[in-house]
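**Student:** Dropping in query.txt, with compact mmCIF, C-alpha atoms and all ligand atoms.
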```
# COMPACT_ATOMS: atom_id res chain seq x y z
CA MET A 191 40.78 -14.45 2.41
CA ASP A 192 40.61 -17.63 0.33
CA GLN A 193 37.61 -19.89 0.91
CA SER A 194 38.16 -23.15 2.74
CA LYS A 195 37.52 -26.54 1.11
CA GLU A 196 34.52 -26.93 3.42
CA GLN A 197 33.11 -23.59 2.23
CA ARG A 198 33.57 -24.74 -1.38
CA ILE A 199 31.65 -27.93 -0.55
CA LEU A 200 28.84 -25.79 0.91
CA ASN A 201 28.85 -23.59 -2.23
CA SER A 202 28.49 -26.69 -4.41
CA VAL A 203 25.61 -28.03 -2.30
CA SER A 204 23.91 -24.64 -2.20
CA TYR A 205 24.13 -24.30 -5.98
CA ASN A 206 23.46 -27.90 -7.11
CA ALA A 207 21.36 -29.70 -4.49
CA VAL A 208 17.56 -29.72 -4.38
CA LYS A 209 16.49 -27.90 -1.19
CA GLY A 210 14.76 -30.25 1.25
CA ASP A 211 16.03 -33.36 -0.53
CA PRO A 212 18.66 -35.17 1.61
CA GLU A 213 19.55 -37.64 -1.16
CA SER A 214 20.43 -34.82 -3.55
CA VAL A 215 22.64 -33.20 -0.89
CA LEU A 216 24.47 -36.49 -0.30
CA ASP A 217 24.88 -37.07 -4.05
CA CYS A 218 26.20 -33.54 -4.51
CA ILE A 219 28.82 -33.90 -1.77
CA ASP A 220 29.88 -37.34 -3.03
CA LYS A 221 30.19 -36.01 -6.59
CA TYR A 222 32.18 -32.95 -5.50
CA CYS A 223 34.50 -34.91 -3.21
CA SER A 224 35.18 -37.71 -5.69
CA GLN A 225 35.66 -35.45 -8.71
CA LYS A 226 36.95 -32.12 -7.38
CA GLU A 227 38.39 -32.19 -3.85
CA TRP A 228 38.73 -35.19 -1.53
CA ALA A 229 37.19 -34.64 1.90
CA MET A 230 36.75 -36.87 4.96
CA ASN A 231 33.01 -37.54 4.65
CA VAL A 232 32.11 -41.15 5.39
CA GLY A 233 31.15 -41.32 1.69
CA ASP A 234 28.80 -43.46 -0.37
CA GLU A 235 30.35 -46.91 0.10
CA LYS A 236 30.77 -46.80 3.90
CA GLY A 237 27.59 -44.68 3.95
CA LEU A 238 25.60 -47.75 2.91
CA ILE A 239 27.00 -49.68 5.89
CA LEU A 240 26.06 -46.73 8.11
CA ASP A 241 22.54 -46.72 6.63
CA ASN A 242 22.05 -50.43 7.33
CA VAL A 243 23.26 -50.19 10.93
CA VAL A 244 21.04 -47.14 11.57
CA LYS A 245 18.06 -49.05 10.14
CA GLU A 246 18.92 -52.01 12.41
CA ALA A 247 19.19 -49.71 15.44
CA ASP A 248 16.11 -47.63 14.53
CA PRO A 249 17.24 -45.15 17.22
CA THR A 250 15.05 -42.72 19.15
CA THR A 251 18.17 -40.93 20.42
CA ALA A 252 21.39 -41.01 18.38
CA LEU A 253 24.80 -39.41 18.92
CA GLU A 254 27.50 -38.65 16.36
CA LEU A 255 31.07 -37.74 17.32
CA GLY A 256 32.62 -35.67 14.51
CA THR A 257 30.11 -33.66 12.46
CA TYR A 258 32.57 -32.23 9.90
CA CYS A 259 30.32 -30.93 7.04
CA GLY A 260 27.21 -32.78 8.18
CA TYR A 261 27.29 -35.55 5.55
CA SER A 262 26.88 -38.46 7.99
CA ALA A 263 24.46 -36.45 10.12
CA ILE A 264 22.25 -36.22 7.02
CA ARG A 265 22.69 -39.94 6.31
CA ILE A 266 21.58 -40.75 9.84
CA ALA A 267 18.85 -38.09 10.28
CA ARG A 268 17.11 -38.92 6.98
CA LEU A 269 16.43 -42.43 8.37
CA LEU A 270 15.11 -41.36 11.80
CA LYS A 271 11.46 -41.93 12.77
CA PRO A 272 9.32 -38.80 13.49
CA LYS A 273 10.14 -38.18 17.17
CA ALA A 274 13.77 -39.38 16.99
CA HIS A 275 16.71 -36.99 17.31
CA LEU A 276 20.43 -36.88 16.49
CA PHE A 277 22.99 -35.00 18.60
CA SER A 278 26.23 -34.34 16.72
CA ILE A 279 29.40 -33.08 18.46
CA GLU A 280 32.02 -31.07 16.55
CA PHE A 281 35.00 -29.30 18.13
CA ASN A 282 36.20 -27.36 15.06
CA PRO A 283 34.40 -23.95 15.06
CA GLU A 284 34.99 -23.53 11.32
CA PHE A 285 33.01 -26.70 10.49
CA VAL A 286 29.97 -26.00 12.70
CA PRO A 287 28.30 -23.21 10.67
CA ILE A 288 29.00 -25.06 7.40
CA ALA A 289 27.46 -28.28 8.72
CA LYS A 290 24.43 -26.35 10.03
CA GLU A 291 23.88 -24.77 6.62
CA ILE A 292 24.25 -28.06 4.72
CA ILE A 293 21.87 -29.84 7.12
CA GLU A 294 19.41 -26.94 6.66
CA ILE A 295 19.59 -27.34 2.87
CA ALA A 296 18.79 -31.05 3.35
CA GLY A 297 15.70 -29.99 5.36
CA LEU A 298 16.82 -31.90 8.45
CA SER A 299 17.55 -29.07 10.93
CA ASP A 300 14.67 -30.15 13.19
CA LYS A 301 16.16 -33.62 13.62
CA VAL A 302 19.78 -32.67 14.29
CA THR A 303 21.34 -30.66 17.13
CA ILE A 304 24.98 -29.77 16.57
CA LEU A 305 26.92 -29.26 19.81
CA GLU A 306 30.18 -27.35 19.47
CA GLY A 307 33.00 -28.47 21.72
CA HIS A 308 35.08 -31.46 22.70
CA ALA A 309 33.22 -34.75 23.11
CA GLN A 310 34.80 -35.36 26.51
CA ASP A 311 33.32 -32.08 27.74
CA ILE A 312 29.88 -32.47 26.20
CA ILE A 313 29.17 -36.18 26.82
CA PRO A 314 28.91 -35.66 30.61
CA GLN A 315 26.29 -32.93 29.98
CA LEU A 316 23.99 -34.93 27.67
CA LYS A 317 21.70 -36.17 30.45
CA SER A 318 21.49 -32.97 32.53
CA LYS A 319 21.67 -30.28 29.85
CA TYR A 320 20.15 -32.05 26.82
CA ASP A 321 17.62 -34.30 28.54
CA VAL A 322 19.10 -37.48 27.09
CA ASP A 323 18.21 -40.73 28.88
CA THR A 324 20.28 -43.37 27.05
CA LEU A 325 21.69 -43.54 23.53
CA ASP A 326 20.34 -46.12 21.08
CA PHE A 327 23.00 -45.47 18.44
CA VAL A 328 26.45 -43.80 18.44
CA PHE A 329 28.53 -43.07 15.32
CA LEU A 330 32.24 -42.50 16.10
CA ASP A 331 34.02 -40.48 13.43
CA HIS A 332 36.07 -37.89 15.32
CA TRP A 333 39.72 -37.97 16.42
CA LYS A 334 40.67 -41.66 16.17
CA GLU A 335 42.61 -41.70 19.45
CA ARG A 336 39.47 -40.39 21.20
CA TYR A 337 37.27 -43.34 20.19
CA ALA A 338 38.32 -45.52 23.14
CA PRO A 339 38.33 -42.89 25.93
CA ASP A 340 35.03 -41.43 24.75
CA THR A 341 33.43 -44.90 24.60
CA ILE A 342 34.54 -45.47 28.21
CA LEU A 343 33.13 -42.05 29.10
CA LEU A 344 29.76 -42.87 27.49
CA GLU A 345 29.54 -46.01 29.63
CA GLU A 346 30.66 -44.20 32.81
CA CYS A 347 27.99 -41.52 32.23
CA GLY A 348 25.31 -44.21 32.05
CA LEU A 349 24.50 -43.30 28.46
CA LEU A 350 24.69 -46.88 27.13
CA ARG A 351 21.95 -49.45 27.72
CA LYS A 352 21.67 -53.16 26.88
CA GLY A 353 21.55 -53.19 23.07
CA SER A 354 23.03 -49.74 22.39
CA ILE A 355 24.79 -49.91 19.03
CA LEU A 356 28.13 -48.19 18.40
CA LEU A 357 29.52 -47.88 14.86
CA ALA A 358 33.06 -46.62 14.29
CA ASP A 359 34.52 -45.28 11.03
CA ASN A 360 38.18 -45.56 9.90
CA ILE A 361 39.10 -48.74 11.75
CA ILE A 362 41.87 -49.40 9.18
CA TYR A 363 42.66 -45.96 7.76
CA PRO A 364 43.65 -43.73 9.54
CA GLY A 365 43.06 -46.53 12.06
CA ALA A 366 41.86 -46.73 15.65
CA PRO A 367 43.99 -49.52 17.17
CA GLU A 368 43.40 -48.68 20.84
CA PHE A 369 39.64 -48.60 20.28
CA LEU A 370 39.72 -51.93 18.45
CA GLU A 371 41.77 -53.52 21.23
CA TYR A 372 39.48 -52.08 23.89
CA ILE A 373 36.16 -52.97 22.29
CA ARG A 374 37.13 -56.49 21.18
CA ASN A 375 38.68 -57.50 24.51
CA HIS A 376 35.84 -56.32 26.73
CA LYS A 377 33.10 -58.91 27.22
CA ARG A 378 30.51 -56.12 27.45
CA PHE A 379 30.64 -55.56 23.69
CA GLU A 380 29.72 -57.83 20.79
CA CYS A 381 31.72 -56.74 17.74
CA THR A 382 31.25 -57.06 13.98
CA ASN A 383 33.74 -55.86 11.36
CA TYR A 384 32.60 -54.42 7.99
CA PRO A 385 35.43 -54.28 5.42
CA SER A 386 35.15 -51.37 3.01
CA HIS A 387 37.29 -48.62 1.47
CA LEU A 388 38.42 -45.15 2.45
CA GLU A 389 35.90 -42.61 1.15
CA TYR A 390 36.36 -41.86 -2.58
CA MET A 391 39.61 -43.92 -2.70
CA LYS A 392 40.76 -47.48 -3.50
CA VAL A 393 42.48 -47.61 -0.11
CA GLU A 394 41.26 -50.32 2.28
CA ASP A 395 39.26 -49.23 5.31
CA ALA A 396 36.64 -50.79 7.60
CA MET A 397 33.89 -49.97 10.05
CA GLU A 398 33.36 -51.77 13.37
CA LYS A 399 29.98 -52.27 15.01
CA ALA A 400 29.91 -52.90 18.76
CA VAL A 401 26.69 -53.80 20.56
CA TYR A 402 26.75 -52.99 24.28
CA LEU A 403 25.61 -56.01 26.30
CA GLY A 404 24.95 -54.08 29.53
C1 LIG A 501 40.27 -32.24 11.60
N1 LIG A 501 39.35 -33.27 11.98
C2 LIG A 501 38.09 -33.10 12.39
N2 LIG A 501 37.54 -34.30 12.62
C3 LIG A 501 38.48 -35.22 12.38
C4 LIG A 501 38.28 -36.69 12.56
N3 LIG A 501 38.24 -37.43 11.30
C5 LIG A 501 39.38 -37.80 10.73
O1 LIG A 501 40.44 -37.47 11.22
C6 LIG A 501 39.34 -38.60 9.45
C7 LIG A 501 40.48 -38.62 8.65
C8 LIG A 501 40.50 -39.32 7.43
C9 LIG A 501 41.71 -39.32 6.59
C10 LIG A 501 42.58 -38.23 6.62
C11 LIG A 501 43.70 -38.21 5.81
C12 LIG A 501 43.96 -39.29 4.95
F1 LIG A 501 45.04 -39.27 4.13
C13 LIG A 501 43.11 -40.35 4.91
C14 LIG A 501 41.98 -40.38 5.73
C15 LIG A 501 39.35 -40.03 7.02
C16 LIG A 501 38.21 -40.02 7.83
O2 LIG A 501 37.09 -40.70 7.45
C17 LIG A 501 38.20 -39.33 9.04
O3 LIG A 501 37.06 -39.36 9.80
C18 LIG A 501 39.62 -34.60 11.96
MG MG A 502 35.76 -40.92 9.04
```
Would you encode the structure as structure tokens?

**Tutor:**
Amino acid sequence: MDQSKEQRILNSVSYNAVKGDPESVLDCIDKYCSQKEWAMNVGDEKGLILDNVVKEADPTTALELGTYCGYSAIRIARLLKPKAHLFSIEFNPEFVPIAKEIIEIAGLSDKVTILEGHAQDIIPQLKSKYDVDTLDFVFLDHWKERYAPDTILLEECGLLRKGSILLADNIIYPGAPEFLEYIRNHKRFECTNYPSHLEYMKVEDAMEKAVYLG
């Protein structure tokens, strides 16, 4: 059977990246996806925004919705302090083993736990099954129409605390209008918009940061 695009990305990383060097894995994926095959990694331009917000949050416990090939998990995990940890939820069973392998090549397997399943099923288990107290940082990059309901679910599960930082990808393209409406009209969130571009394209996109006020 033909290899998938995601398998080809893993092949490229496995062949070209320096084992244990997250930067070289990121550079390899960005090179492959800008020169060979486009893929929906957050990419280098929006990746810098992600880096800055992670540095601002300096999270002990972080959550990512939408692992895909592990690119943003590596961007986040490489900035985490020694005892900090990232949980990343991915529903597509084809992506999970590829992301695990790419994160292993980056040398970050100890800092990232990939949870396979739908966010709405796993979020309610984070406290009981994964010993999570509250989340310091959440990166939303999964199905765009799930951003709003899953944000509400995070709050309902008591996973957000005063100062928790949410960052959402693809606010413009593909777009997350319900999320934007929800987050900007609820007094419990303080929002900041970061204009950017769709990964590897000249198409306009943006990220939205929302700080939970408790
Ligand atoms: C299958 N699947 C597993 N996870 C997801 C959630 N992510 C997205 O849907 C997603 C899509 C795009 C995108 C797609 C087509 C296009 F023409 C332009 C942009 C970009 C992104 O950054 C994304 O995060 C989808
Ligand atoms: Mg995205």

**Student:** Could you state the separation of atom F1 of ligand LIG 501 (chain A) and atom CA of A:Pro364 in Å, given to one decimal place?

**Tutor:** 7.1 Å

**Student:** Could you give me, as a count of residues only, the residues within 6 Å of stretch 311-325 of chain A, counting all atoms listed in the file and dropping anything in the same chain fewer than 3 positions from it?

**Tutor:** 5

**Student:** Could you make a table, as JSON lines, of the residues of chain A that have an atom within 9 Å of an atom of ligand LIG 501 (chain A), each with its nearest atom pair and distance in Å to one decimal, counting only C-alpha atoms and all ligand atoms, in chain and number order?

**Tutor:**
```
{"residue": "A:Ala229", "atom": "CA", "partner": "A:LIG501", "partner_atom": "C15", "distance": 7.7}
{"residue": "A:Met230", "atom": "CA", "partner": "A:LIG501", "partner_atom": "C16", "distance": 4.5}
{"residue": "A:Asn231", "atom": "CA", "partner": "A:LIG501", "partner_atom": "O2", "distance": 5.9}
{"residue": "A:Val232", "atom": "CA", "partner": "A:LIG501", "partner_atom": "O2", "distance": 5.4}
{"residue": "A:Gly233", "atom": "CA", "partner": "A:LIG501", "partner_atom": "O2", "distance": 8.3}
{"residue": "A:Leu255", "atom": "CA", "partner": "A:LIG501", "partner_atom": "C4", "distance": 8.7}
{"residue": "A:Gly256", "atom": "CA", "partner": "A:LIG501", "partner_atom": "N2", "distance": 5.4}
{"residue": "A:Thr257", "atom": "CA", "partner": "A:LIG501", "partner_atom": "N2", "distance": 7.5}
{"residue": "A:Tyr258", "atom": "CA", "partner": "A:LIG501", "partner_atom": "N2", "distance": 6.0}
{"residue": "A:Glu280", "atom": "CA", "partner": "A:LIG501", "partner_atom": "N2", "distance": 7.5}
{"residue": "A:Phe281", "atom": "CA", "partner": "A:LIG501", "partner_atom": "C2", "distance": 7.5}
{"residue": "A:Asn282", "atom": "CA", "partner": "A:LIG501", "partner_atom": "C2", "distance": 6.6}
{"residue": "A:Phe285", "atom": "CA", "partner": "A:LIG501", "partner_atom": "C2", "distance": 8.4}
{"residue": "A:Leu330", "atom": "CA", "partner": "A:LIG501", "partner_atom": "O3", "distance": 8.5}
{"residue": "A:Asp331", "atom": "CA", "partner": "A:LIG501", "partner_atom": "O3", "distance": 4.9}
{"residue": "A:His332", "atom": "CA", "partner": "A:LIG501", "partner_atom": "C4", "distance": 3.7}
{"residue": "A:Trp333", "atom": "CA", "partner": "A:LIG501", "partner_atom": "C4", "distance": 4.3}
{"residue": "A:Lys334", "atom": "CA", "partner": "A:LIG501", "partner_atom": "O1", "distance": 6.5}
{"residue": "A:Asp359", "atom": "CA", "partner": "A:LIG501", "partner_atom": "O2", "distance": 6.4}
{"residue": "A:Asn360", "atom": "CA", "partner": "A:LIG501", "partner_atom": "O2", "distance": 5.6}
{"residue": "A:Tyr363", "atom": "CA", "partner": "A:LIG501", "partner_atom": "C14", "distance": 6.0}
{"residue": "A:Pro364", "atom": "CA", "partner": "A:LIG501", "partner_atom": "C14", "distance": 5.3}
{"residue": "A:Gly365", "atom": "CA", "partner": "A:LIG501", "partner_atom": "C14", "distance": 8.9}
{"residue": "A:Leu388", "atom": "CA", "partner": "A:LIG501", "partner_atom": "C14", "distance": 6.8}
{"residue": "A:Glu389", "atom": "CA", "partner": "A:LIG501", "partner_atom": "O2", "distance": 6.7}
{"residue": "A:Val393", "atom": "CA", "partner": "A:LIG501", "partner_atom": "C13", "distance": 8.8}
```

**Student:** Just the number, please: distance in Å from atom CA of A:Pro367 to atom CA of A:Phe379, one decimal.

**Tutor:**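 Here the two named atoms are 16.0 Å from each other.
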
**Student:** Go through A:Ser262, A:Gln310, A:Ser354, A:Thr341 and flag the residue nearest ligand MG 502 (chain A), using only C-alpha atoms and all ligand atoms for the distances.

**Tutor:**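 Once distances to ligand MG 502 (chain A) are computed over only C-alpha atoms and all ligand atoms, the minimum belongs to A:Ser262.
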
**Student:** For ligand MG 502 (chain A), which of A:Tyr261, A:Phe327, A:Tyr384, A:Phe369 is the closest residue, counting all atoms listed in the file?

**Tutor:**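 Between A:Tyr261, A:Phe327, A:Tyr384, A:Phe369, the residue approaching ligand MG 502 (chain A) most closely is A:Tyr261.
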
**Student:** Determine, counting only C-alpha atoms, every residue of protein, DNA or RNA that lies within 6 Å of (27.4, -36.2, 18.3) in the file coordinates, then give the result as an MDAnalysis selection string.

**Tutor:** chainID A and resid 253:255 277:279

**Student:** Point out the residue among A:Ala274, A:Val286, A:Ile292, A:Leu240 with the least atom-to-atom distance to ligand MG 502 (chain A), counting all atoms listed in the file.

**Tutor:**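 The shortest atom-to-atom distance to ligand MG 502 (chain A) comes from A:Leu240.
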
**Student:** Find, counting all atoms listed in the file, the residue in A:Glu227, A:Asp234, A:Asp340, A:Asp211 that gets nearest to ligand MG 502 (chain A).

**Tutor:**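 Checking each of A:Glu227, A:Asp234, A:Asp340, A:Asp211 against ligand MG 502 (chain A), counting all atoms listed in the file, the winner is A:Asp234.
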
**Student:** Need to verify the contact set: A:Cys381, 10 Å, all atoms listed in the file, exclusion of same-chain residues closer than 3 positions in sequence. Can you return it as a PyMOL selection string?

**Tutor:** chain A and resi 355-357+370+373-378+398-402

**Student:** Extract, using all atoms listed in the file, all DNA, RNA and protein residues at most 8 Å from A:Ser202, discarding same-chain residues fewer than 4 positions from it, and format them as number ranges by chain.

**Tutor:** A: 198, 206-207, 218-219, 222

**Student:** Can you sort out stretch 247-258 of chain A so it carries all heavy atoms, written as a PDB file, in the coordinates of the input?

**Tutor:**
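New file part.pdb:
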```pdb
ATOM      1  N   ALA A 247      19.324 -50.318  14.109  1.00  0.00           N
ATOM      2  CA  ALA A 247      19.190 -49.710  15.440  1.00  0.00           C
ATOM      3  C   ALA A 247      17.854 -49.006  15.599  1.00  0.00           C
ATOM      4  O   ALA A 247      17.291 -48.970  16.689  1.00  0.00           O
ATOM      5  CB  ALA A 247      20.336 -48.726  15.681  1.00  0.00           C
ATOM      6  N   ASP A 248      17.352 -48.429  14.499  1.00  0.00           N
ATOM      7  CA  ASP A 248      16.110 -47.630  14.530  1.00  0.00           C
ATOM      8  C   ASP A 248      16.066 -46.758  15.784  1.00  0.00           C
ATOM      9  O   ASP A 248      15.148 -46.864  16.615  1.00  0.00           O
ATOM     10  CB  ASP A 248      14.892 -48.550  14.478  1.00  0.00           C
ATOM     11  CG  ASP A 248      13.597 -47.752  14.278  1.00  0.00           C
ATOM     12  OD1 ASP A 248      13.686 -46.609  13.771  1.00  0.00           O
ATOM     13  OD2 ASP A 248      12.516 -48.239  14.676  1.00  0.00           O
ATOM     14  N   PRO A 249      17.062 -45.891  15.965  1.00  0.00           N
ATOM     15  CA  PRO A 249      17.240 -45.150  17.220  1.00  0.00           C
ATOM     16  C   PRO A 249      16.197 -44.073  17.467  1.00  0.00           C
ATOM     17  O   PRO A 249      15.747 -43.412  16.534  1.00  0.00           O
ATOM     18  CB  PRO A 249      18.631 -44.528  17.075  1.00  0.00           C
ATOM     19  CG  PRO A 249      18.819 -44.353  15.612  1.00  0.00           C
ATOM     20  CD  PRO A 249      18.083 -45.482  14.959  1.00  0.00           C
ATOM     21  N   THR A 250      15.845 -43.877  18.732  1.00  0.00           N
ATOM     22  CA  THR A 250      15.050 -42.720  19.150  1.00  0.00           C
ATOM     23  C   THR A 250      15.998 -41.574  19.467  1.00  0.00           C
ATOM     24  O   THR A 250      15.760 -40.422  19.142  1.00  0.00           O
ATOM     25  CB  THR A 250      14.208 -43.079  20.389  1.00  0.00           C
ATOM     26  OG1 THR A 250      13.327 -44.153  20.032  1.00  0.00           O
ATOM     27  CG2 THR A 250      13.403 -41.888  20.874  1.00  0.00           C
ATOM     28  N   THR A 251      17.130 -41.912  20.125  1.00  0.00           N
ATOM     29  CA  THR A 251      18.170 -40.930  20.420  1.00  0.00           C
ATOM     30  C   THR A 251      19.492 -41.434  19.873  1.00  0.00           C
ATOM     31  O   THR A 251      19.916 -42.546  20.229  1.00  0.00           O
ATOM     32  CB  THR A 251      18.314 -40.696  21.939  1.00  0.00           C
ATOM     33  OG1 THR A 251      17.014 -40.492  22.496  1.00  0.00           O
ATOM     34  CG2 THR A 251      19.185 -39.490  22.220  1.00  0.00           C
ATOM     35  N   ALA A 252      20.108 -40.635  18.990  1.00  0.00           N
ATOM     36  CA  ALA A 252      21.390 -41.010  18.380  1.00  0.00           C
ATOM     37  C   ALA A 252      22.420 -39.921  18.651  1.00  0.00           C
ATOM     38  O   ALA A 252      22.081 -38.744  18.850  1.00  0.00           O
ATOM     39  CB  ALA A 252      21.210 -41.204  16.875  1.00  0.00           C
ATOM     40  N   LEU A 253      23.684 -40.339  18.706  1.00  0.00           N
ATOM     41  CA  LEU A 253      24.800 -39.410  18.920  1.00  0.00           C
ATOM     42  C   LEU A 253      25.839 -39.639  17.844  1.00  0.00           C
ATOM     43  O   LEU A 253      26.134 -40.790  17.498  1.00  0.00           O
ATOM     44  CB  LEU A 253      25.432 -39.642  20.300  1.00  0.00           C
ATOM     45  CG  LEU A 253      26.700 -38.858  20.620  1.00  0.00           C
ATOM     46  CD1 LEU A 253      26.407 -37.357  20.752  1.00  0.00           C
ATOM     47  CD2 LEU A 253      27.348 -39.377  21.916  1.00  0.00           C
ATOM     48  N   GLU A 254      26.394 -38.560  17.308  1.00  0.00           N
ATOM     49  CA  GLU A 254      27.500 -38.650  16.360  1.00  0.00           C
ATOM     50  C   GLU A 254      28.674 -37.853  16.929  1.00  0.00           C
ATOM     51  O   GLU A 254      28.486 -36.727  17.416  1.00  0.00           O
ATOM     52  CB  GLU A 254      27.087 -38.049  15.011  1.00  0.00           C
ATOM     53  CG  GLU A 254      28.215 -37.887  14.022  1.00  0.00           C
ATOM     54  CD  GLU A 254      27.754 -37.272  12.714  1.00  0.00           C
ATOM     55  OE1 GLU A 254      27.419 -36.074  12.679  1.00  0.00           O
ATOM     56  OE2 GLU A 254      27.711 -38.016  11.722  1.00  0.00           O
ATOM     57  N   LEU A 255      29.857 -38.430  16.892  1.00  0.00           N
ATOM     58  CA  LEU A 255      31.070 -37.740  17.320  1.00  0.00           C
ATOM     59  C   LEU A 255      31.849 -37.415  16.051  1.00  0.00           C
ATOM     60  O   LEU A 255      32.346 -38.321  15.381  1.00  0.00           O
ATOM     61  CB  LEU A 255      31.877 -38.616  18.283  1.00  0.00           C
ATOM     62  CG  LEU A 255      31.103 -39.116  19.514  1.00  0.00           C
ATOM     63  CD1 LEU A 255      32.002 -39.990  20.386  1.00  0.00           C
ATOM     64  CD2 LEU A 255      30.534 -37.956  20.324  1.00  0.00           C
ATOM     65  N   GLY A 256      31.940 -36.110  15.736  1.00  0.00           N
ATOM     66  CA  GLY A 256      32.620 -35.670  14.510  1.00  0.00           C
ATOM     67  C   GLY A 256      31.615 -35.342  13.426  1.00  0.00           C
ATOM     68  O   GLY A 256      31.293 -36.170  12.587  1.00  0.00           O
ATOM     69  N   THR A 257      31.119 -34.104  13.434  1.00  0.00           N
ATOM     70  CA  THR A 257      30.110 -33.660  12.460  1.00  0.00           C
ATOM     71  C   THR A 257      30.735 -33.383  11.093  1.00  0.00           C
ATOM     72  O   THR A 257      30.170 -33.773  10.063  1.00  0.00           O
ATOM     73  CB  THR A 257      29.422 -32.366  12.941  1.00  0.00           C
ATOM     74  OG1 THR A 257      29.101 -32.474  14.326  1.00  0.00           O
ATOM     75  CG2 THR A 257      28.201 -32.060  12.111  1.00  0.00           C
ATOM     76  N   TYR A 258      31.875 -32.702  11.107  1.00  0.00           N
ATOM     77  CA  TYR A 258      32.570 -32.230   9.900  1.00  0.00           C
ATOM     78  C   TYR A 258      31.583 -31.370   9.084  1.00  0.00           C
ATOM     79  O   TYR A 258      31.083 -30.354   9.610  1.00  0.00           O
ATOM     80  CB  TYR A 258      33.188 -33.383   9.113  1.00  0.00           C
ATOM     81  CG  TYR A 258      34.088 -32.912   7.992  1.00  0.00           C
ATOM     82  CD1 TYR A 258      34.954 -31.834   8.187  1.00  0.00           C
ATOM     83  CD2 TYR A 258      34.056 -33.501   6.733  1.00  0.00           C
ATOM     84  CE1 TYR A 258      35.764 -31.368   7.161  1.00  0.00           C
ATOM     85  CE2 TYR A 258      34.868 -33.049   5.696  1.00  0.00           C
ATOM     86  CZ  TYR A 258      35.713 -31.990   5.930  1.00  0.00           C
ATOM     87  OH  TYR A 258      36.499 -31.544   4.896  1.00  0.00           O
TER      88      TYR A 258
END
```
